[in-house]
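Coordinates as given in entry-v6.cif (mmCIF, C-alpha atoms):
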```cif
data_start
loop_
_atom_site.group_PDB
_atom_site.id
_atom_site.type_symbol
_atom_site.label_atom_id
_atom_site.label_comp_id
_atom_site.auth_asym_id
_atom_site.auth_seq_id
_atom_site.Cartn_x
_atom_site.Cartn_y
_atom_site.Cartn_z
ATOM 1 C CA MET M 1 0.000 0.000 0.000
ATOM 2 C CA TYR M 2 1.119 3.509 -0.783
ATOM 3 C CA GLN M 3 0.767 6.762 1.082
ATOM 4 C CA VAL M 4 -1.290 9.197 -1.018
ATOM 5 C CA ASN M 5 -0.609 12.952 -1.079
ATOM 6 C CA PHE M 6 -2.763 15.489 -2.890
ATOM 7 C CA SER M 7 -1.833 18.739 -4.625
ATOM 8 C CA GLU M 8 -3.746 21.926 -3.883
ATOM 9 C CA GLN M 9 -5.853 21.459 -7.031
ATOM 10 C CA ALA M 10 -6.661 17.851 -6.102
ATOM 11 C CA MET M 11 -7.680 18.822 -2.562
ATOM 12 C CA HIS M 12 -9.889 21.581 -3.963
ATOM 13 C CA GLU M 13 -11.728 19.019 -6.116
ATOM 14 C CA LEU M 14 -12.111 16.583 -3.226
ATOM 15 C CA ASN M 15 -13.404 19.293 -0.901
ATOM 16 C CA ARG M 16 -16.248 19.983 -3.323
ATOM 17 C CA LEU M 17 -17.665 16.545 -2.474
ATOM 18 C CA ASP M 18 -19.420 15.453 0.696
ATOM 19 C CA LYS M 19 -17.421 13.203 3.024
ATOM 20 C CA LEU M 20 -18.928 9.902 1.861
ATOM 21 C CA ALA M 21 -18.359 10.781 -1.806
ATOM 22 C CA GLN M 22 -14.758 11.716 -0.958
ATOM 23 C CA LEU M 23 -14.169 8.264 0.519
ATOM 24 C CA ASP M 24 -15.695 6.588 -2.537
ATOM 25 C CA ALA M 25 -13.560 8.731 -4.864
ATOM 26 C CA ILE M 26 -10.214 8.042 -3.171
ATOM 27 C CA ASP M 27 -10.787 4.331 -2.505
ATOM 28 C CA PRO M 28 -9.447 3.159 -5.904
ATOM 29 C CA ILE M 29 -6.191 5.128 -5.611
ATOM 30 C CA SER M 30 -5.620 4.197 -1.986
ATOM 31 C CA SER M 31 -5.974 0.517 -2.935
ATOM 32 C CA LEU M 32 -3.219 0.495 -5.573
ATOM 33 C CA LYS M 33 -0.349 -1.941 -5.151
ATOM 34 C CA PRO M 34 3.152 -1.931 -6.693
ATOM 35 C CA ALA M 35 2.130 -4.789 -9.012
ATOM 36 C CA ASP M 36 -0.695 -2.624 -10.398
ATOM 37 C CA LEU M 37 1.771 0.132 -11.282
ATOM 38 C CA ALA M 38 4.327 -2.280 -12.746
ATOM 39 C CA HIS M 39 1.800 -3.543 -15.313
ATOM 40 C CA PRO M 40 -0.978 -0.940 -15.676
ATOM 41 C CA ARG M 41 -4.299 -2.178 -17.032
ATOM 42 C CA GLU M 42 -7.666 -0.456 -17.292
ATOM 43 C CA PRO M 43 -8.753 1.589 -15.406
ATOM 44 C CA LEU M 44 -5.084 2.484 -14.814
ATOM 45 C CA GLY M 45 -2.851 3.901 -17.524
ATOM 46 C CA GLN M 46 0.683 5.247 -17.777
ATOM 47 C CA PHE M 47 2.142 7.957 -20.025
ATOM 48 C CA ARG M 48 5.038 10.400 -20.203
ATOM 49 C CA ARG M 49 4.699 14.158 -20.073
ATOM 50 C CA GLY M 50 8.071 15.822 -20.547
ATOM 51 C CA GLN M 51 10.471 14.181 -18.099
ATOM 52 C CA LYS M 52 7.682 12.873 -15.860
ATOM 53 C CA THR M 53 5.981 9.506 -15.847
ATOM 54 C CA LEU M 54 2.352 10.056 -14.961
ATOM 55 C CA TYR M 55 -0.375 7.570 -14.188
ATOM 56 C CA ARG M 56 -4.050 8.069 -14.882
ATOM 57 C CA LEU M 57 -6.628 6.249 -12.817
ATOM 58 C CA ARG M 58 -10.277 6.281 -13.777
ATOM 59 C CA ALA M 59 -12.483 6.274 -10.713
ATOM 60 C CA GLY M 60 -16.177 6.883 -11.282
ATOM 61 C CA ASP M 61 -16.682 10.405 -12.609
ATOM 62 C CA PHE M 62 -13.104 11.420 -11.841
ATOM 63 C CA ARG M 63 -9.662 10.948 -13.302
ATOM 64 C CA PHE M 64 -6.669 10.949 -10.964
ATOM 65 C CA TYR M 65 -3.348 11.998 -12.488
ATOM 66 C CA PHE M 66 -0.450 11.091 -10.231
ATOM 67 C CA GLU M 67 3.265 10.394 -9.940
ATOM 68 C CA VAL M 68 5.086 7.776 -7.886
ATOM 69 C CA HIS M 69 7.761 8.979 -5.467
ATOM 70 C CA GLY M 70 9.080 5.911 -3.635
ATOM 71 C CA GLU M 71 6.293 4.736 -1.348
ATOM 72 C CA THR M 72 4.138 7.808 -2.025
ATOM 73 C CA LEU M 73 1.614 8.516 -4.749
ATOM 74 C CA HIS M 74 1.410 12.254 -5.389
ATOM 75 C CA VAL M 75 -1.909 13.169 -7.003
ATOM 76 C CA ASP M 76 -1.235 16.193 -9.190
ATOM 77 C CA TYR M 77 -4.750 16.567 -10.585
ATOM 78 C CA ILE M 78 -8.245 15.295 -10.101
ATOM 79 C CA LEU M 79 -10.277 16.120 -13.193
ATOM 80 C CA HIS M 80 -13.880 15.353 -14.013
ATOM 81 C CA ARG M 81 -14.311 12.763 -16.738
ATOM 82 C CA ASN M 82 -15.057 14.064 -20.210
ATOM 83 C CA SER M 83 -13.904 17.562 -19.294
ATOM 84 C CA LEU M 84 -11.846 19.639 -21.658
ATOM 85 C CA GLU M 85 -9.020 19.784 -19.132
ATOM 86 C CA ASP M 86 -8.950 15.972 -18.927
ATOM 87 C CA PHE M 87 -8.839 15.715 -22.719
ATOM 88 C CA LEU M 88 -5.995 18.233 -23.027
ATOM 89 C CA LEU M 89 -3.881 16.578 -20.352
ATOM 90 C CA ARG M 90 -4.396 13.074 -21.746
ATOM 91 C CA ASN M 91 -3.545 14.105 -25.273
ATOM 92 C CA LYS M 92 -0.508 16.207 -24.374
ATOM 93 C CA LEU M 93 -1.873 19.319 -26.053
ATOM 94 C CA PRO M 94 -0.045 22.630 -25.459
ATOM 95 C CA VAL M 95 -1.339 23.702 -22.094
ATOM 96 C CA SER M 96 0.723 24.345 -18.987
ATOM 97 C CA GLU M 97 0.015 22.713 -15.657
ATOM 98 C CA GLN M 98 -0.801 26.098 -14.122
ATOM 99 C CA GLN M 99 -3.451 26.759 -16.742
ATOM 100 C CA LEU M 100 -5.182 23.482 -15.917
ATOM 101 C CA VAL M 101 -5.870 24.628 -12.385
ATOM 102 C CA GLU M 102 -7.091 28.110 -13.250
ATOM 103 C CA GLN M 103 -10.723 29.151 -13.251
ATOM 104 C CA HIS M 104 -12.871 27.849 -16.095
ATOM 105 C CA SER M 105 -13.292 31.282 -17.753
ATOM 106 C CA LYS M 106 -9.549 31.951 -17.735
ATOM 107 C CA PHE M 107 -8.975 28.550 -19.295
ATOM 108 C CA TRP M 108 -11.273 29.420 -22.214
ATOM 109 C CA LYS M 109 -9.503 32.760 -22.689
ATOM 110 C CA TYR M 110 -6.218 30.875 -22.949
ATOM 111 C CA LEU M 111 -7.660 28.566 -25.615
ATOM 112 C CA GLU M 112 -8.895 31.579 -27.568
ATOM 113 C CA SER M 113 -5.396 33.076 -27.460
ATOM 114 C CA LEU M 114 -4.000 29.989 -29.200
ATOM 115 C CA THR M 115 -6.068 30.718 -32.310
ATOM 116 C CA LYS M 116 -4.696 34.271 -32.708
#
```

What's the structure tokens form of this structure?
Amino acid sequence: MYQVNFSEQAMHELNRLDKLAQLDAIDPISSLKPADLAHPREPLGQFRRGQKTLYRLRAGDFRFYFEVHGETLHVDYILHRNSLEDFLLRNKLPVSEQQLVEQHSKFWKYLESLTK
């Protein structure tokens, strides 16, 4: 079993849920074992973003994006399934990590700037 740490963005997403929904959401990530990470299979995936190896875990309506640091899983993002942010991160489109955690309206303004 791993220790699980959450980024500020991930904690913000979790805090939007009631306590029981929080427990249901984090159960799949808190149950991961080293063997799961060694050979990822659905609902777990692995990909590279720059120099980082990230994992993506589908859990209900949420997608957990995390890194492994020894015995700790660091959840960088929790994104709602089928969201634009989830799509951009999965497909490695040109968006910075900071822009993913900004307000929704600022995110759309950034996308508009790419077309200019």

Within 12 Å of Val68 (chain M) using all atoms listed in the file, minus same-chain residues under 3 positions, as number ranges by chain: M: 2-5, 29, 32-34, 37-38, 46, 52-56, 65, 71-76

Could you tell me how far CA of Met1 (chain M) sits from CA of Asn15 (chain M), in Å to one decimal place?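 Atom-to-atom, CA of Asn15 (chain M) and CA of Met1 (chain M) are spaced 23.5 Å apart.
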
So how far away is CA of Glu8 (chain M) from CA of Asn82 (chain M), in Å? 21.4 Å

Figure out the distance between CA of Ile78 (chain M) and CA of Glu13 (chain M), please, to one decimal in Å.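 Computing it gives 6.5 Å between the two atoms.
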
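Among the candidates M:Leu20, M:Arg81, M:Ala10, M:Ile26, the residue lying nearest to Asp61 (chain M) is M:Arg81 (atoms considered: only C-alpha atoms).
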
Run the PyMOL selection byres ((chain M and resi 59) around 12) mentally over the shown coordinates, then write out the matched residues as a PyMOL selection string, using the chain letters and numbers from the document. chain M and resi 21-31+42-44+56-58+60-65+78-81

Using the file's own x, y and z axes, so that the box edges lie along x, y and z, what centre and edge lengths in Å (one decimal) does a box around every listed atom of region 36-54 of chain M get when 5 Å is added on each side? Give it as AutoDock Vina command-line options.
```
--center_x 0.9 --center_y 6.1 --center_z -15.5 --size_x 29.2 --size_y 29.4 --size_z 20.1
```

Residue among M:His12, M:Arg41, M:Arg49, M:Lys19 lying closest to Tyr77 (chain M), counting all atoms listed in the file: M:His12

Got a minute to add N, CA and C atoms to region 33-63 of chain M and dump it as a PDB file, in the coordinates of the input?
```pdb
ATOM      1  N   LYS M  33      -1.510  -1.183  -5.614  1.00  0.00           N
ATOM      2  CA  LYS M  33      -0.349  -1.941  -5.151  1.00  0.00           C
ATOM      3  C   LYS M  33       0.783  -1.782  -6.162  1.00  0.00           C
ATOM      4  N   PRO M  34       2.029  -2.037  -5.751  1.00  0.00           N
ATOM      5  CA  PRO M  34       3.152  -1.931  -6.693  1.00  0.00           C
ATOM      6  C   PRO M  34       2.962  -2.772  -7.955  1.00  0.00           C
ATOM      7  N   ALA M  35       2.360  -3.936  -7.832  1.00  0.00           N
ATOM      8  CA  ALA M  35       2.130  -4.789  -9.012  1.00  0.00           C
ATOM      9  C   ALA M  35       1.190  -4.114 -10.009  1.00  0.00           C
ATOM     10  N   ASP M  36       0.218  -3.351  -9.511  1.00  0.00           N
ATOM     11  CA  ASP M  36      -0.695  -2.624 -10.398  1.00  0.00           C
ATOM     12  C   ASP M  36       0.067  -1.599 -11.229  1.00  0.00           C
ATOM     13  N   LEU M  37       1.012  -0.906 -10.589  1.00  0.00           N
ATOM     14  CA  LEU M  37       1.771   0.132 -11.282  1.00  0.00           C
ATOM     15  C   LEU M  37       2.813  -0.462 -12.225  1.00  0.00           C
ATOM     16  N   ALA M  38       3.325  -1.643 -11.898  1.00  0.00           N
ATOM     17  CA  ALA M  38       4.327  -2.280 -12.746  1.00  0.00           C
ATOM     18  C   ALA M  38       3.737  -2.701 -14.091  1.00  0.00           C
ATOM     19  N   HIS M  39       2.478  -3.102 -14.087  1.00  0.00           N
ATOM     20  CA  HIS M  39       1.800  -3.543 -15.313  1.00  0.00           C
ATOM     21  C   HIS M  39       0.403  -2.925 -15.356  1.00  0.00           C
ATOM     22  N   PRO M  40       0.320  -1.624 -15.698  1.00  0.00           N
ATOM     23  CA  PRO M  40      -0.978  -0.940 -15.676  1.00  0.00           C
ATOM     24  C   PRO M  40      -1.969  -1.537 -16.678  1.00  0.00           C
ATOM     25  N   ARG M  41      -3.184  -1.739 -16.200  1.00  0.00           N
ATOM     26  CA  ARG M  41      -4.299  -2.178 -17.032  1.00  0.00           C
ATOM     27  C   ARG M  41      -5.508  -1.340 -16.649  1.00  0.00           C
ATOM     28  N   GLU M  42      -6.465  -1.236 -17.564  1.00  0.00           N
ATOM     29  CA  GLU M  42      -7.666  -0.456 -17.292  1.00  0.00           C
ATOM     30  C   GLU M  42      -8.221  -0.801 -15.922  1.00  0.00           C
ATOM     31  N   PRO M  43      -8.582   0.157 -15.154  1.00  0.00           N
ATOM     32  CA  PRO M  43      -8.753   1.589 -15.406  1.00  0.00           C
ATOM     33  C   PRO M  43      -7.498   2.429 -15.155  1.00  0.00           C
ATOM     34  N   LEU M  44      -6.342   1.789 -15.069  1.00  0.00           N
ATOM     35  CA  LEU M  44      -5.084   2.484 -14.814  1.00  0.00           C
ATOM     36  C   LEU M  44      -4.273   2.558 -16.096  1.00  0.00           C
ATOM     37  N   GLY M  45      -3.697   3.722 -16.351  1.00  0.00           N
ATOM     38  CA  GLY M  45      -2.851   3.901 -17.524  1.00  0.00           C
ATOM     39  C   GLY M  45      -1.589   4.642 -17.149  1.00  0.00           C
ATOM     40  N   GLN M  46      -0.600   4.588 -18.027  1.00  0.00           N
ATOM     41  CA  GLN M  46       0.683   5.247 -17.777  1.00  0.00           C
ATOM     42  C   GLN M  46       1.082   5.996 -19.041  1.00  0.00           C
ATOM     43  N   PHE M  47       1.638   7.208 -18.887  1.00  0.00           N
ATOM     44  CA  PHE M  47       2.142   7.957 -20.025  1.00  0.00           C
ATOM     45  C   PHE M  47       3.234   8.910 -19.560  1.00  0.00           C
ATOM     46  N   ARG M  48       3.961   9.458 -20.517  1.00  0.00           N
ATOM     47  CA  ARG M  48       5.038  10.400 -20.203  1.00  0.00           C
ATOM     48  C   ARG M  48       4.603  11.788 -20.621  1.00  0.00           C
ATOM     49  N   ARG M  49       4.940  12.738 -19.781  1.00  0.00           N
ATOM     50  CA  ARG M  49       4.699  14.158 -20.073  1.00  0.00           C
ATOM     51  C   ARG M  49       5.991  14.873 -19.749  1.00  0.00           C
ATOM     52  N   GLY M  50       6.761  15.240 -20.775  1.00  0.00           N
ATOM     53  CA  GLY M  50       8.071  15.822 -20.547  1.00  0.00           C
ATOM     54  C   GLY M  50       8.973  14.775 -19.924  1.00  0.00           C
ATOM     55  N   GLN M  51       9.586  15.112 -18.799  1.00  0.00           N
ATOM     56  CA  GLN M  51      10.471  14.181 -18.099  1.00  0.00           C
ATOM     57  C   GLN M  51       9.738  13.331 -17.063  1.00  0.00           C
ATOM     58  N   LYS M  52       8.444  13.558 -16.902  1.00  0.00           N
ATOM     59  CA  LYS M  52       7.682  12.873 -15.860  1.00  0.00           C
ATOM     60  C   LYS M  52       6.948  11.653 -16.407  1.00  0.00           C
ATOM     61  N   THR M  53       6.864  10.637 -15.577  1.00  0.00           N
ATOM     62  CA  THR M  53       5.981   9.506 -15.847  1.00  0.00           C
ATOM     63  C   THR M  53       4.745   9.710 -14.993  1.00  0.00           C
ATOM     64  N   LEU M  54       3.618   9.850 -15.652  1.00  0.00           N
ATOM     65  CA  LEU M  54       2.352  10.056 -14.961  1.00  0.00           C
ATOM     66  C   LEU M  54       1.474   8.824 -15.130  1.00  0.00           C
ATOM     67  N   TYR M  55       0.631   8.623 -14.140  1.00  0.00           N
ATOM     68  CA  TYR M  55      -0.375   7.570 -14.188  1.00  0.00           C
ATOM     69  C   TYR M  55      -1.732   8.235 -14.189  1.00  0.00           C
ATOM     70  N   ARG M  56      -2.679   7.579 -14.836  1.00  0.00           N
ATOM     71  CA  ARG M  56      -4.050   8.069 -14.882  1.00  0.00           C
ATOM     72  C   ARG M  56      -4.944   6.945 -14.391  1.00  0.00           C
ATOM     73  N   LEU M  57      -5.722   7.238 -13.376  1.00  0.00           N
ATOM     74  CA  LEU M  57      -6.628   6.249 -12.817  1.00  0.00           C
ATOM     75  C   LEU M  57      -8.053   6.741 -12.977  1.00  0.00           C
ATOM     76  N   ARG M  58      -8.856   5.956 -13.647  1.00  0.00           N
ATOM     77  CA  ARG M  58     -10.277   6.281 -13.777  1.00  0.00           C
ATOM     78  C   ARG M  58     -10.993   5.761 -12.544  1.00  0.00           C
ATOM     79  N   ALA M  59     -11.739   6.651 -11.912  1.00  0.00           N
ATOM     80  CA  ALA M  59     -12.483   6.274 -10.713  1.00  0.00           C
ATOM     81  C   ALA M  59     -13.838   6.979 -10.745  1.00  0.00           C
ATOM     82  N   GLY M  60     -14.852   6.278 -11.192  1.00  0.00           N
ATOM     83  CA  GLY M  60     -16.177   6.883 -11.282  1.00  0.00           C
ATOM     84  C   GLY M  60     -16.177   8.052 -12.251  1.00  0.00           C
ATOM     85  N   ASP M  61     -16.617   9.210 -11.774  1.00  0.00           N
ATOM     86  CA  ASP M  61     -16.682  10.405 -12.609  1.00  0.00           C
ATOM     87  C   ASP M  61     -15.381  11.189 -12.620  1.00  0.00           C
ATOM     88  N   PHE M  62     -14.344  10.673 -11.980  1.00  0.00           N
ATOM     89  CA  PHE M  62     -13.104  11.420 -11.841  1.00  0.00           C
ATOM     90  C   PHE M  62     -11.928  10.681 -12.446  1.00  0.00           C
ATOM     91  N   ARG M  63     -10.923  11.476 -12.797  1.00  0.00           N
ATOM     92  CA  ARG M  63      -9.662  10.948 -13.302  1.00  0.00           C
ATOM     93  C   ARG M  63      -8.567  11.482 -12.401  1.00  0.00           C
TER      94      ARG M  63
END
```
